[in-house]
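Next comes my_file34.txt, a file with compact mmCIF, C-alpha atoms.
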# COMPACT_ATOMS: atom_id res chain seq x y z
CA MET D 1 104.08 126.18 137.87
CA ALA D 2 102.48 124.99 141.09
CA ARG D 3 99.14 123.80 142.37
CA ILE D 4 97.76 126.35 144.81
CA GLY D 5 94.78 126.14 147.14
CA PHE D 6 93.13 129.53 147.65
CA ILE D 7 90.49 129.97 150.35
CA GLY D 8 88.59 133.27 150.57
CA LEU D 9 87.69 135.01 147.32
CA GLY D 10 86.32 138.37 148.49
CA ASN D 11 87.27 141.78 147.13
CA MET D 12 90.94 141.16 147.88
CA GLY D 13 91.23 137.39 147.56
CA GLY D 14 89.43 137.24 144.23
CA GLY D 15 91.96 139.50 142.55
CA MET D 16 94.89 137.74 144.19
CA ALA D 17 93.71 134.29 143.06
CA ALA D 18 93.16 135.61 139.54
CA ASN D 19 96.74 136.89 139.39
CA LEU D 20 98.07 133.49 140.44
CA ALA D 21 96.05 131.87 137.67
CA ARG D 22 97.35 134.43 135.16
CA ALA D 23 100.88 133.57 136.26
CA GLY D 24 100.21 130.00 135.15
CA HIS D 25 99.49 128.32 138.48
CA ASP D 26 96.82 125.66 138.89
CA VAL D 27 94.60 127.45 141.40
CA HIS D 28 91.96 125.41 143.25
CA ALA D 29 89.73 128.02 144.83
CA PHE D 30 86.98 128.00 147.45
CA ASP D 31 84.62 130.54 148.96
CA LEU D 32 81.25 130.29 150.66
CA SER D 33 79.88 132.70 148.05
CA ALA D 34 78.70 131.11 144.80
CA GLU D 35 79.13 134.49 143.09
CA ALA D 36 82.75 134.74 144.20
CA LEU D 37 83.40 131.20 142.99
CA ALA D 38 81.91 132.03 139.61
CA ARG D 39 84.18 135.08 139.28
CA ALA D 40 87.20 132.97 140.19
CA SER D 41 86.25 130.38 137.58
CA GLY D 42 85.97 133.12 134.99
CA ALA D 43 89.46 134.29 135.95
CA GLY D 44 91.01 130.87 135.30
CA CYS D 45 90.73 129.21 138.71
CA LEU D 46 89.16 125.81 139.35
CA ALA D 47 86.25 126.19 141.76
CA VAL D 48 86.08 123.42 144.37
CA ASP D 49 83.41 122.53 146.91
CA GLY D 50 85.27 123.04 150.17
CA ALA D 51 88.36 124.37 151.93
CA ALA D 52 89.75 120.86 152.34
CA ALA D 53 89.39 120.21 148.62
CA ALA D 54 91.31 123.42 147.90
CA ALA D 55 94.12 122.45 150.26
CA LYS D 56 94.47 118.82 149.21
CA GLY D 57 97.52 118.24 147.01
CA ALA D 58 98.50 121.92 146.98
CA GLU D 59 102.08 123.12 147.19
CA ALA D 60 100.84 126.34 148.76
CA VAL D 61 97.60 127.01 150.63
CA ILE D 62 96.64 130.69 150.75
CA THR D 63 93.89 132.05 152.97
CA MET D 64 92.30 135.51 152.80
CA LEU D 65 89.60 135.58 155.48
CA PRO D 66 87.75 138.24 157.52
CA ALA D 67 89.10 137.63 161.03
CA GLY D 68 91.32 135.49 163.22
CA ARG D 69 88.54 133.17 164.31
CA HIS D 70 87.83 132.30 160.68
CA VAL D 71 91.49 131.54 160.03
CA GLU D 72 91.76 129.26 163.07
CA GLN D 73 88.55 127.47 162.18
CA VAL D 74 89.49 126.87 158.54
CA TYR D 75 92.95 125.65 159.49
CA ALA D 76 91.66 123.34 162.22
CA ASP D 77 88.62 122.01 160.34
CA ALA D 78 90.04 121.71 156.83
CA VAL D 79 93.60 122.75 156.08
CA PHE D 80 95.55 120.76 158.68
CA GLY D 81 93.82 117.53 157.74
CA ALA D 82 94.18 117.98 153.99
CA ALA D 83 97.47 119.78 153.34
CA ASP D 84 100.51 117.80 152.25
CA THR D 85 103.47 117.86 154.63
CA GLY D 86 105.57 119.82 152.16
CA ALA D 87 102.98 122.56 151.61
CA ILE D 88 103.55 126.15 152.71
CA LEU D 89 100.58 127.74 154.48
CA ILE D 90 100.23 131.44 153.71
CA ASP D 91 97.63 133.47 155.59
CA CYS D 92 97.11 136.88 153.97
CA SER D 93 94.25 137.89 156.27
CA THR D 94 94.68 140.82 158.65
CA ILE D 95 94.29 139.34 162.13
CA ASP D 96 95.71 139.82 165.62
CA VAL D 97 99.31 138.90 166.35
CA ASP D 98 98.48 136.30 169.01
CA THR D 99 96.19 134.35 166.69
CA ALA D 100 98.79 134.44 163.92
CA ARG D 101 101.38 132.96 166.27
CA ARG D 102 98.94 130.39 167.60
CA VAL D 103 98.06 129.21 164.08
CA ALA D 104 101.74 128.98 163.15
CA ASP D 105 102.48 126.93 166.28
CA ALA D 106 99.61 124.57 165.45
CA ALA D 107 100.94 124.20 161.93
CA SER D 108 104.44 123.47 163.20
CA ALA D 109 103.06 120.78 165.51
CA LYS D 110 101.70 119.06 162.41
CA GLY D 111 104.98 119.35 160.53
CA LEU D 112 103.84 122.23 158.33
CA LEU D 113 105.51 125.57 157.58
CA ALA D 114 103.30 128.65 157.92
CA VAL D 115 103.64 132.41 157.44
CA ASP D 116 101.41 135.38 158.15
CA ALA D 117 101.50 137.67 155.12
CA PRO D 118 98.99 140.53 155.41
CA VAL D 119 98.86 143.00 152.54
CA SER D 120 98.91 146.70 151.84
CA GLY D 121 97.51 148.29 148.70
CA GLY D 122 93.77 147.73 148.61
CA ILE D 123 91.42 146.27 146.03
CA ALA D 124 93.03 147.95 142.99
CA ALA D 125 96.46 146.63 143.95
CA ALA D 126 95.03 143.16 144.57
CA ALA D 127 93.55 143.15 141.08
CA GLY D 128 96.66 144.68 139.52
CA GLY D 129 99.17 142.44 141.25
CA THR D 130 100.92 145.36 142.97
CA LEU D 131 100.34 144.52 146.63
CA THR D 132 102.97 144.83 149.34
CA PHE D 133 103.26 141.74 151.57
CA MET D 134 104.57 141.96 155.14
CA VAL D 135 105.64 138.44 156.05
CA GLY D 136 106.13 136.82 159.43
CA GLY D 137 107.73 133.40 159.67
CA SER D 138 110.97 131.47 159.74
CA ASP D 139 113.61 131.96 157.06
CA ALA D 140 112.72 128.57 155.57
CA ALA D 141 109.01 129.37 155.50
CA PHE D 142 109.63 132.79 153.94
CA GLU D 143 111.80 131.24 151.23
CA LYS D 144 108.99 128.85 150.28
CA ALA D 145 106.29 131.52 150.39
CA GLU D 146 108.11 134.33 148.58
CA PRO D 147 107.71 133.07 144.96
CA PHE D 148 103.94 132.76 145.34
CA LEU D 149 103.61 136.15 147.00
CA SER D 150 105.74 137.74 144.27
CA ASP D 151 103.20 136.64 141.68
CA MET D 152 100.60 138.76 143.50
CA GLY D 153 102.61 141.81 144.52
CA LYS D 154 105.31 144.35 143.87
CA ALA D 155 107.08 143.97 147.22
CA VAL D 156 107.51 141.01 149.57
CA ILE D 157 109.25 141.94 152.83
CA HIS D 158 110.31 139.52 155.57
CA ALA D 159 109.35 141.30 158.77
CA GLY D 160 110.60 138.66 161.22
CA GLY D 161 109.21 135.60 162.99
CA ASN D 162 105.60 134.45 163.02
CA GLY D 163 103.28 137.32 163.93
CA ALA D 164 105.70 139.99 162.72
CA GLY D 165 103.78 140.46 159.48
CA GLN D 166 100.61 141.20 161.41
CA ALA D 167 102.49 143.53 163.75
CA ALA D 168 103.84 145.48 160.78
CA LYS D 169 100.40 145.66 159.16
CA ILE D 170 98.53 147.00 162.17
CA CYS D 171 101.26 149.55 162.96
CA ASN D 172 101.28 150.69 159.34
CA ASN D 173 97.52 151.07 159.21
CA MET D 174 97.37 152.84 162.55
CA LEU D 175 99.77 155.39 161.03
CA LEU D 176 97.66 155.57 157.87
CA GLY D 177 94.43 156.09 159.81
CA ALA D 178 95.92 158.87 161.91
CA THR D 179 97.63 160.64 159.00
CA MET D 180 94.45 160.55 156.92
CA VAL D 181 92.53 162.28 159.69
CA ALA D 182 95.28 164.89 159.99
CA THR D 183 95.35 165.36 156.20
CA CYS D 184 91.58 165.92 156.14
CA GLU D 185 91.87 168.43 158.97
CA ALA D 186 94.66 170.28 157.18
CA PHE D 187 92.69 170.59 153.94
CA LEU D 188 89.63 171.84 155.81
CA LEU D 189 91.62 174.37 157.80
CA ALA D 190 93.41 175.56 154.66
CA GLY D 191 90.04 176.15 153.03
CA LYS D 192 88.71 178.13 155.97
CA LEU D 193 91.84 180.26 155.83
CA GLY D 194 91.20 181.05 152.19
CA LEU D 195 93.74 178.75 150.55
CA ASP D 196 92.84 177.06 147.27
CA PRO D 197 92.91 173.24 147.81
CA GLN D 198 95.11 172.60 144.77
CA THR D 199 97.53 175.32 145.84
CA PHE D 200 97.73 173.86 149.33
CA TYR D 201 98.32 170.41 147.81
CA ASP D 202 101.08 171.76 145.56
CA ILE D 203 102.83 173.22 148.61
CA SER D 204 102.27 170.48 151.18
CA SER D 205 103.03 167.59 148.83
CA VAL D 206 106.61 168.85 148.47
CA SER D 207 107.03 170.15 152.01
CA SER D 208 107.54 168.67 155.45
CA GLY D 209 103.85 167.86 155.87
CA GLN D 210 103.96 165.44 152.95
CA SER D 211 102.48 161.95 153.50
CA TRP D 212 100.99 159.16 151.40
CA SER D 213 97.53 160.34 152.45
CA MET D 214 98.34 163.70 150.88
CA THR D 215 100.31 162.84 147.74
CA SER D 216 98.72 159.53 146.67
CA TYR D 217 95.26 159.56 148.24
CA ALA D 218 94.16 163.14 148.68
CA PRO D 219 90.72 163.21 150.37
CA LEU D 220 89.31 165.99 148.15
CA PRO D 221 88.03 165.42 144.59
CA GLY D 222 90.07 166.94 141.80
CA VAL D 223 93.21 167.28 143.91
CA GLY D 224 96.29 165.14 143.31
CA PRO D 225 96.23 161.71 141.61
CA ARG D 226 92.85 160.08 141.11
CA SER D 227 91.54 158.62 144.37
CA PRO D 228 88.19 157.43 145.80
CA ALA D 229 87.39 161.06 146.57
CA ASP D 230 86.90 161.47 142.81
CA ASP D 231 84.29 158.69 142.87
CA ASP D 232 82.22 160.08 145.75
CA TYR D 233 84.36 158.03 148.19
CA GLN D 234 83.25 154.71 146.75
CA GLY D 235 85.65 151.80 146.30
CA GLY D 236 89.11 151.99 147.82
CA PHE D 237 89.59 150.97 151.46
CA ALA D 238 86.32 150.73 153.37
CA THR D 239 85.92 152.58 156.64
CA ALA D 240 84.87 149.30 158.30
CA LEU D 241 88.22 147.75 157.36
CA MET D 242 90.19 150.74 158.64
CA LEU D 243 88.24 150.55 161.89
CA LYS D 244 88.98 146.82 162.15
CA ASP D 245 92.71 147.47 161.76
CA LEU D 246 92.67 150.33 164.26
CA LYS D 247 90.90 148.15 166.82
CA LEU D 248 93.52 145.44 166.28
CA ALA D 249 96.21 148.08 166.83
CA MET D 250 94.54 149.31 170.02
CA ALA D 251 94.24 145.76 171.36
CA ALA D 252 97.91 145.15 170.57
CA ALA D 253 98.91 148.43 172.23
CA ALA D 254 97.00 147.49 175.38
CA SER D 255 98.66 144.07 175.42
CA ALA D 256 102.14 145.53 174.88
CA GLY D 257 101.68 148.46 177.27
CA ALA D 258 102.23 151.00 174.47
CA ASP D 259 100.82 154.53 174.64
CA THR D 260 99.09 155.37 171.33
CA PRO D 261 96.91 158.45 171.88
CA MET D 262 96.78 159.43 168.19
CA GLY D 263 95.87 155.90 167.17
CA GLU D 264 93.22 155.77 169.87
CA ARG D 265 91.68 159.06 168.74
CA ALA D 266 91.70 157.92 165.11
CA ALA D 267 89.89 154.73 166.15
CA GLN D 268 87.25 156.77 167.97
CA LEU D 269 86.68 159.01 164.96
CA TYR D 270 86.41 156.12 162.49
CA GLU D 271 84.03 154.30 164.82
CA LYS D 272 81.83 157.40 164.92
CA PHE D 273 81.96 157.67 161.13
CA ALA D 274 81.08 153.99 160.67
CA ASP D 275 78.26 154.17 163.21
CA ALA D 276 76.78 157.08 161.27
CA GLY D 277 76.14 154.71 158.38
CA HIS D 278 79.37 155.09 156.43
CA ALA D 279 81.08 151.75 157.12
CA GLY D 280 81.16 150.94 153.41
CA MET D 281 82.52 154.34 152.33
CA ASP D 282 86.21 154.79 151.62
CA PHE D 283 88.04 155.81 154.78
CA SER D 284 89.10 159.16 153.30
CA GLY D 285 85.42 160.07 153.28
CA ILE D 286 85.80 160.91 156.97
CA ILE D 287 86.55 164.41 155.71
CA ARG D 288 82.79 164.83 155.33
CA MET D 289 82.22 164.15 159.01
CA LEU D 290 85.07 166.43 160.04
CA GLU D 291 83.76 169.19 157.80
CA GLY D 292 80.36 169.04 159.45
CA ALA D 293 81.53 168.41 163.02
CA ASP D 294 81.27 171.14 165.61
CA GLU D 295 84.18 169.61 167.47
CA GLY D 296 86.94 167.08 166.73
Kindly return the structure encoded in the file as structure tokens.
Amino acid sequence: MARIGFIGLGNMGGGMAANLARAGHDVHAFDLSAEALARASGAGCLAVDGAAAAAKGAEAVITMLPAGRHVEQVYADAVFGAADTGAILIDCSTIDVDTARRVADAASAKGLLAVDAPVSGGIAAAAGGTLTFMVGGSDAAFEKAEPFLSDMGKAVIHAGGNGAGQAAKICNNMLLGATMVATCEAFLLAGKLGLDPQTFYDISSVSSGQSWSMTSYAPLPGVGPRSPADDDYQGGFATALMLKDLKLAMAAAASAGADTPMGERAAQLYEKFADAGHAGMDFSGIIRMLEGADEG
């Protein structure tokens, strides 16, 4: 088993670090939050007093941070100066493609291999070790990163060169955001037309309108597998995080000259929902806003 430095122990990172410890790795963990550090210690990690201390002597350094600026700062201020030359740097944060490539180039200049490996699956998957990792980096970097990622997930997919993991993540979540809005609209329309929600689910989930938002994450309580809708839209994937990903997608679309009208509309709707005080609610809770809206 390996020594791993883990930096960023929030809702996602805490569960991921715990799974690495359960797999037998020596996890040296750091977070600015004393509470998060205490949880990591209770899960078998060794709490350390800084990002550099986490990175020093590690075979793999994993970061799970809020935004690109945090990743660049932690790498520049701590990781690059402390990491061993043979270490693999694995950033699991969801950030913009340009920053991911810039960080990888900076790592390469220091003789270090780096990958961007954003995740899909949410808090429950992070805790359960069933995340999907979309990985950007060289073949050599992916080969070094894959065993560590496999201890935290059910699927580890090499998407291409550095930045490709982030590109896959933001495209995937743009699709998710748009399909969730459409799924909510369809349930609401079905209800207004007199269809029972469960009956509509039974039909749509095996018909051409089927999507993950319908069959695995239905936005109405009591319909389909258990989802945050059954817990008053608490837990799951926060609206603020969906909005962050949609904004990253819109920035990438503008940079690439891509036309994404559905993604843009989804971003507008989630921004409205978040601004109404629901940033912490699961993103499927947008059905409440749509149900009460006079217009889309």
Give me the residues near Ala67 in chain D as a list in words, where near means some atom within 10 Å (using all atoms listed in the file) and where sequence neighbours in that chain fewer than 3 positions away do not count. Met64, His70, Val71, Glu72, Ser93, Thr94, Ile95, Asp96, Thr99 and Lys244 of chain D
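For the pair CA of Gly277 in chain D and CA of Ser33 in chain D, the separation is 24.6 Å.
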Nearest to Pro147 in chain D among D:Asp230, D:Asp196, D:Asp77, D:Glu59, with distances taken over only C-alpha atoms: which residue is it? D:Glu59
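CA of Met214 in chain D is found 10.3 Å from CA of Phe200 in chain D.
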I'd like the neighbourhood of Gly129 in chain D as a PDB file with C-alpha atoms, keeping the file's coordinate frame, where a residue qualifies if any of its atoms comes within 9 Å (using only C-alpha atoms), though same-chain residues fewer than 6 positions away should be ignored.
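So the final result, stored in result.pdb, reads:
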ATOM      1  CA  GLY D  15      91.960 139.500 142.550  1.00  0.00           C
ATOM      2  CA  MET D  16      94.890 137.740 144.190  1.00  0.00           C
ATOM      3  CA  ASN D  19      96.740 136.890 139.390  1.00  0.00           C
ATOM      4  CA  SER D 150     105.740 137.740 144.270  1.00  0.00           C
ATOM      5  CA  ASP D 151     103.200 136.640 141.680  1.00  0.00           C
ATOM      6  CA  MET D 152     100.600 138.760 143.500  1.00  0.00           C
ATOM      7  CA  GLY D 153     102.610 141.810 144.520  1.00  0.00           C
ATOM      8  CA  LYS D 154     105.310 144.350 143.870  1.00  0.00           C
TER       9      LYS D 154
END
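Rounded to one decimal, CA of Asn11 in chain D and CA of Asp49 in chain D lie 19.6 Å from each other.
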